[in-house]
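Visitor: This structure is in structure tokens; I'll ask about it shortly.
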Amino acid sequence: MDRRGTVFPGAATPRDETPAPGTAAAGRPTAAEPVHRPATTPADGEDRVTDAALRPKDLDGFIGQVRVREQLDLVLTAARQRSATADHVLLSGAPGLGKTTLAMIIAAEMGVPLRVTSGPAIQHPGDLAAVLTSLTGGEVLFLDEIHRMSRPAEEMLYLAMEDFRVDIVAGTGLDATALSLDLPPFTLVGATVRAGLLLPPLRDRFGFTAHMEFYDPAELERVVQRSARLLEVEVEPAGAAEIAGRSRGTPRIANRLLRRVRDYAQVTADGVVTREIASAALGVYEVDRRGLDRLDRAVLHALLKLFGGGPVGLATLAVAVGEDRETVEEVAEPFLVREGLLARTPRGRVATPAAWAHFGLAAPPGPPWAPLPRPHRNGGSGQDGAPAGRAPDRPAPTARSGPPSHQ
């Protein structure tokens, strides 16, 4: 340890110092938790701690998703009354809607431990077998991004979910031996943003499947007000409504914007979040009244100003905004399509009249996404089924009657 009190890797903690709760010095150090700790907490680490503190601990404190909460409450209550393990649960929906929070609530409601892993971390059947064989009876296994798990591991999961058993092969060649290991009953909670990538055999093994919907502004106002109480931030109702209206229907975004507005109010005002303070703060962070951020506006600006509203291909649009295709397609487009500002067509991306109105521009006459001409049965690409080169309103010549002429 140096004079500033920084602990170097391998140095022992003085006996007269009280270790911070949750650090390795508070108990026995483990391999997953290094002894070295940074002298200060980074900003993103503080945000993660804050996010964890803002998560509700039970279904009664979970805001929104009314139908999912009612259905899940029935599943968990019935399992507790039978003193049985809850059925496997699949949660699907966009990021930030509360899938991880619900997994934690399921474990808390059942009074059992929670084991957390993710699909990208399980790429071999042995990885999954190691996790499953270490579970205790009734434990909840939360598998985030379950659609990214490898196919061999997924096939092993079929048997584990249905019969609570895993079959593994020990050794190679003539010395290989098939072993069948029994597992204690457990509850698998899978979360995915792309439920369509799950194979039907895996989806069918979940006893309860729920789809998380986007939140409406009233629900997000309650989320902001609850988070403000936990953060000890004074927020007026109009200020909470301003933040909720720009949160894109997502509680995670609402909590993030609340923290940034809190910082702005603390530095430039008396710490009270009013509508004016919230609007000014979100203007600094480039979030407009409809929730569009810098990337969203860049996509729409390029589509409107550079390409006249489209249609334009995804690759060309990505080059125009200086981003890769995946970023435009996976980050910006879902919200723009959901808001009715952009349309995906076979001819490319086009701006809707709402996009022109959002920027105060007049939309060009006629929809730019007019359908392509239907091909003629005899070939060609004329309109309304007419052969190429012939006007669509000109009637086709009729066949002459009588015997065919011989030349």
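Scheme for the structure tokens: letters A, B, ... for chains in order shown; per-chain residue numbers from 1; ligand numbers from 1 in order shown.
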DSSP on the backbone, then: every residue of region 136-291 of chain A marked strand (DSSP E), written as a list of chain:residue names.

Guide: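 So, restricting region 136-291 of chain A to strand (DSSP E), we get A:Val140, A:Leu141, A:Phe142, A:Leu143, A:Asp144, A:Arg165, A:Val166, A:Asp167, A:Ile168, A:Val169, A:Ala170, A:Thr177, A:Ala178, A:Leu179, A:Ser180, A:Leu181, A:Asp182, A:Thr187, A:Leu188, A:Val189, A:Gly190, A:Ala191, A:Thr192, A:Phe208, A:Thr209, A:Ala210, A:His211.
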
Visitor: Write out the residues from the selection above, keeping N, CA, C and O atoms, as a CSV table (one decimal), in the first residue's frame.

Guide:
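Output (part-v9.csv):
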```csv
chain,number,residue,atom,x,y,z
A,140,VAL,N,-33.5,-20.6,-9.5
A,140,VAL,CA,-33.9,-20.0,-10.7
A,140,VAL,C,-32.6,-19.7,-11.6
A,140,VAL,O,-31.7,-19.0,-11.1
A,141,LEU,N,-32.6,-20.2,-12.8
A,141,LEU,CA,-31.5,-19.9,-13.7
A,141,LEU,C,-32.0,-18.9,-14.8
A,141,LEU,O,-32.9,-19.2,-15.5
A,142,PHE,N,-31.3,-17.7,-14.7
A,142,PHE,CA,-31.7,-16.7,-15.7
A,142,PHE,C,-30.7,-16.8,-16.9
A,142,PHE,O,-29.5,-16.5,-16.7
A,143,LEU,N,-31.2,-17.1,-18.0
A,143,LEU,CA,-30.4,-17.2,-19.3
A,143,LEU,C,-30.8,-16.0,-20.2
A,143,LEU,O,-31.8,-16.1,-20.9
A,144,ASP,N,-30.0,-15.0,-20.1
A,144,ASP,CA,-30.2,-13.8,-21.0
A,144,ASP,C,-29.7,-14.1,-22.4
A,144,ASP,O,-28.8,-14.8,-22.6
A,165,ARG,N,-32.4,-33.8,-16.5
A,165,ARG,CA,-31.3,-34.7,-16.7
A,165,ARG,C,-30.5,-34.2,-17.8
A,165,ARG,O,-30.9,-33.6,-18.8
A,166,VAL,N,-29.2,-34.5,-17.7
A,166,VAL,CA,-28.2,-34.2,-18.8
A,166,VAL,C,-27.4,-35.4,-19.1
A,166,VAL,O,-27.1,-36.2,-18.2
A,167,ASP,N,-27.2,-35.7,-20.4
A,167,ASP,CA,-26.4,-36.8,-20.8
A,167,ASP,C,-25.1,-36.3,-21.4
A,167,ASP,O,-25.1,-35.4,-22.3
A,168,ILE,N,-24.0,-36.7,-20.8
A,168,ILE,CA,-22.7,-36.3,-21.3
A,168,ILE,C,-21.9,-37.5,-21.6
A,168,ILE,O,-22.1,-38.6,-21.2
A,169,VAL,N,-20.9,-37.3,-22.4
A,169,VAL,CA,-19.9,-38.4,-22.9
A,169,VAL,C,-18.6,-38.1,-22.3
A,169,VAL,O,-18.0,-37.0,-22.5
A,170,ALA,N,-18.1,-39.0,-21.5
A,170,ALA,CA,-16.8,-38.8,-20.9
A,170,ALA,C,-15.7,-39.7,-21.6
A,170,ALA,O,-16.0,-40.9,-21.9
A,177,THR,N,-17.5,-43.1,-22.5
A,177,THR,CA,-18.6,-43.6,-21.6
A,177,THR,C,-19.7,-42.6,-21.6
A,177,THR,O,-19.4,-41.4,-21.3
A,178,ALA,N,-20.9,-43.0,-21.8
A,178,ALA,CA,-22.1,-42.1,-21.7
A,178,ALA,C,-22.6,-42.1,-20.3
A,178,ALA,O,-22.8,-43.1,-19.6
A,179,LEU,N,-22.7,-40.9,-19.7
A,179,LEU,CA,-23.2,-40.7,-18.4
A,179,LEU,C,-24.5,-39.9,-18.4
A,179,LEU,O,-24.6,-39.0,-19.1
A,180,SER,N,-25.4,-40.3,-17.5
A,180,SER,CA,-26.6,-39.6,-17.3
A,180,SER,C,-26.7,-39.0,-15.9
A,180,SER,O,-26.7,-39.8,-15.0
A,181,LEU,N,-26.7,-37.7,-15.8
A,181,LEU,CA,-26.7,-37.0,-14.5
A,181,LEU,C,-28.1,-36.5,-14.2
A,181,LEU,O,-28.6,-35.7,-15.1
A,182,ASP,N,-28.6,-36.8,-13.1
A,182,ASP,CA,-29.9,-36.2,-12.7
A,182,ASP,C,-29.7,-34.8,-12.1
A,182,ASP,O,-28.7,-34.6,-11.4
A,187,THR,N,-36.0,-23.7,-12.1
A,187,THR,CA,-36.8,-22.9,-13.0
A,187,THR,C,-35.9,-22.1,-14.0
A,187,THR,O,-35.0,-21.4,-13.5
A,188,LEU,N,-36.1,-22.3,-15.2
A,188,LEU,CA,-35.3,-21.6,-16.2
A,188,LEU,C,-36.1,-20.4,-16.7
A,188,LEU,O,-37.3,-20.5,-17.1
A,189,VAL,N,-35.5,-19.2,-16.6
A,189,VAL,CA,-36.1,-18.0,-17.1
A,189,VAL,C,-35.2,-17.5,-18.2
A,189,VAL,O,-34.1,-17.1,-18.1
A,190,GLY,N,-35.8,-17.6,-19.4
A,190,GLY,CA,-35.0,-17.2,-20.6
A,190,GLY,C,-35.5,-15.8,-21.1
A,190,GLY,O,-36.7,-15.5,-21.0
A,191,ALA,N,-34.6,-15.0,-21.5
A,191,ALA,CA,-34.9,-13.6,-22.0
A,191,ALA,C,-34.3,-13.5,-23.4
A,191,ALA,O,-33.2,-13.9,-23.7
A,192,THR,N,-35.1,-12.9,-24.3
A,192,THR,CA,-34.7,-12.7,-25.7
A,192,THR,C,-35.3,-11.5,-26.3
A,192,THR,O,-36.5,-11.1,-25.9
A,208,PHE,N,-44.6,-20.9,-19.4
A,208,PHE,CA,-45.2,-19.6,-19.5
A,208,PHE,C,-44.4,-18.7,-20.4
A,208,PHE,O,-43.2,-18.6,-20.2
A,209,THR,N,-45.0,-18.1,-21.4
A,209,THR,CA,-44.4,-17.2,-22.3
A,209,THR,C,-45.0,-15.9,-22.2
A,209,THR,O,-46.3,-15.8,-22.3
A,210,ALA,N,-44.2,-14.8,-22.1
A,210,ALA,CA,-44.7,-13.5,-22.0
A,210,ALA,C,-44.0,-12.6,-22.9
A,210,ALA,O,-42.8,-12.7,-23.1
A,211,HIS,N,-44.7,-11.7,-23.5
A,211,HIS,CA,-44.1,-10.6,-24.4
A,211,HIS,C,-44.3,-9.3,-23.8
A,211,HIS,O,-45.4,-8.9,-23.4
```

Visitor: What's around Gly340 (chain A) at 8 Å? Count only C-alpha atoms, leave out sequence neighbours fewer than 6 positions away in its own chain, and write the answer as a VMD selection string.

Guide: chain A and resid 352 354 to 355

Visitor: Taking only C-alpha atoms into account, produce a table as JSON lines in which each residue of region 201-233 of chain A with an atom at most 7 Å from an atom of region 56-77 of chain A appears once, together with its shortest atom pair and the distance in Å to one decimal, ordered by chain and rising number.

Guide:
```
{"residue": "A:Ala210", "atom": "CA", "partner": "A:Val68", "partner_atom": "CA", "distance": 6.3}
{"residue": "A:Met212", "atom": "CA", "partner": "A:Gln65", "partner_atom": "CA", "distance": 6.7}
{"residue": "A:Glu213", "atom": "CA", "partner": "A:Gln65", "partner_atom": "CA", "distance": 6.8}
{"residue": "A:Tyr215", "atom": "CA", "partner": "A:Gly64", "partner_atom": "CA", "distance": 6.7}
{"residue": "A:Glu219", "atom": "CA", "partner": "A:Gly64", "partner_atom": "CA", "distance": 6.0}
{"residue": "A:Val223", "atom": "CA", "partner": "A:Ile63", "partner_atom": "CA", "distance": 6.7}
```

Visitor: Store the residues picked out above in a file with C-alpha atoms, as a PDB file, in the first residue's frame.

Guide:
```
ATOM      1  CA  ALA A 210     -44.744 -13.462 -21.961  1.00  0.00           C
ATOM      2  CA  MET A 212     -43.135  -7.318 -22.924  1.00  0.00           C
ATOM      3  CA  GLU A 213     -44.856  -4.292 -24.447  1.00  0.00           C
ATOM      4  CA  TYR A 215     -44.832   1.576 -21.871  1.00  0.00           C
ATOM      5  CA  GLU A 219     -46.756   4.456 -16.831  1.00  0.00           C
ATOM      6  CA  VAL A 223     -41.518   5.084 -13.196  1.00  0.00           C
TER       7      VAL A 223
END
```

Visitor: Leaving out Pro217 (chain A) and any residue of its chain fewer than 4 positions from it, which residues lie within 7 Å of it when counting only C-alpha atoms, given as a list of chain:residue names?

Guide: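 The neighbour list is A:Glu221, A:Ala244, A:Gly245, A:Gly249.
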
Visitor: Go through A:Val321, A:Ala343, A:Ile243, A:Val193 and flag the residue nearest Ser92 (chain A), using only C-alpha atoms for the distances.

Guide: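 Checking each candidate against Ser92 (chain A), we get A:Val193 as the closest.
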
Visitor: Take CA of Asp263 (chain A) and CA of Glu286 (chain A) and report the distance between them in Å, one decimal.

Guide: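 So the answer is 15.2 Å.
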
Visitor: Tell me, as a list of chain:residue names, which residues lie within 12 Å of Arg151 (chain A), counting only C-alpha atoms; anything in the same chain fewer than 5 positions away does not count.

Guide: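 Contacts, in chain order: A:Gly119, A:Pro120, A:Ile122, A:Gln123, A:His124, A:Pro125, A:Leu128, A:Ile146, A:Met156, A:Leu157, A:Tyr158, A:Leu197, A:Leu198, A:Leu199, A:Pro201, A:Leu202.
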
Visitor: From the DSSP assignment of the backbone, select every residue of region 271-329 of chain A that is helix (DSSP H, G or I), and format the answer as an MDAnalysis selection string.

Guide: chainID A and resid 275:284 294:306 314:321 325:329

Visitor: One number please: CA of Arg338 (chain A) to CA of Arg246 (chain A), in Å, one decimal.

Guide: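 Value for the CA of Arg338 (chain A)-CA of Arg246 (chain A) distance: 14.2 Å.
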
Visitor: Between A:Leu317, A:Ala107, A:Leu159, A:Ala153, which one has atoms that come closest to Asp127 (chain A), using only C-alpha atoms?

Guide: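 Under the stated criterion, the closest residue is A:Ala153.
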
Visitor: Please measure the separation of CA of Gly271 (chain A) and CA of Ala241 (chain A), giving the value in Å to one decimal.

Guide: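 Computed distance, CA of Gly271 (chain A) to CA of Ala241 (chain A), equals 17.1 Å.
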
Visitor: Give the answer as one residue: which of A:Met149, A:Ala238, A:Ala302, A:Ile253 has the shortest atom-to-atom distance to Ala278 (chain A), using only C-alpha atoms?

Guide: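 Among A:Met149, A:Ala238, A:Ala302, A:Ile253, it is A:Ala238 that comes nearest to Ala278 (chain A).
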
Visitor: Show which residues sit within 8 Å of Gly309 (chain A), as a ChimeraX atom specification. Count only C-alpha atoms, and ignore same-chain residues fewer than 4 positions away.

Guide: /A:303-305,350-352,368
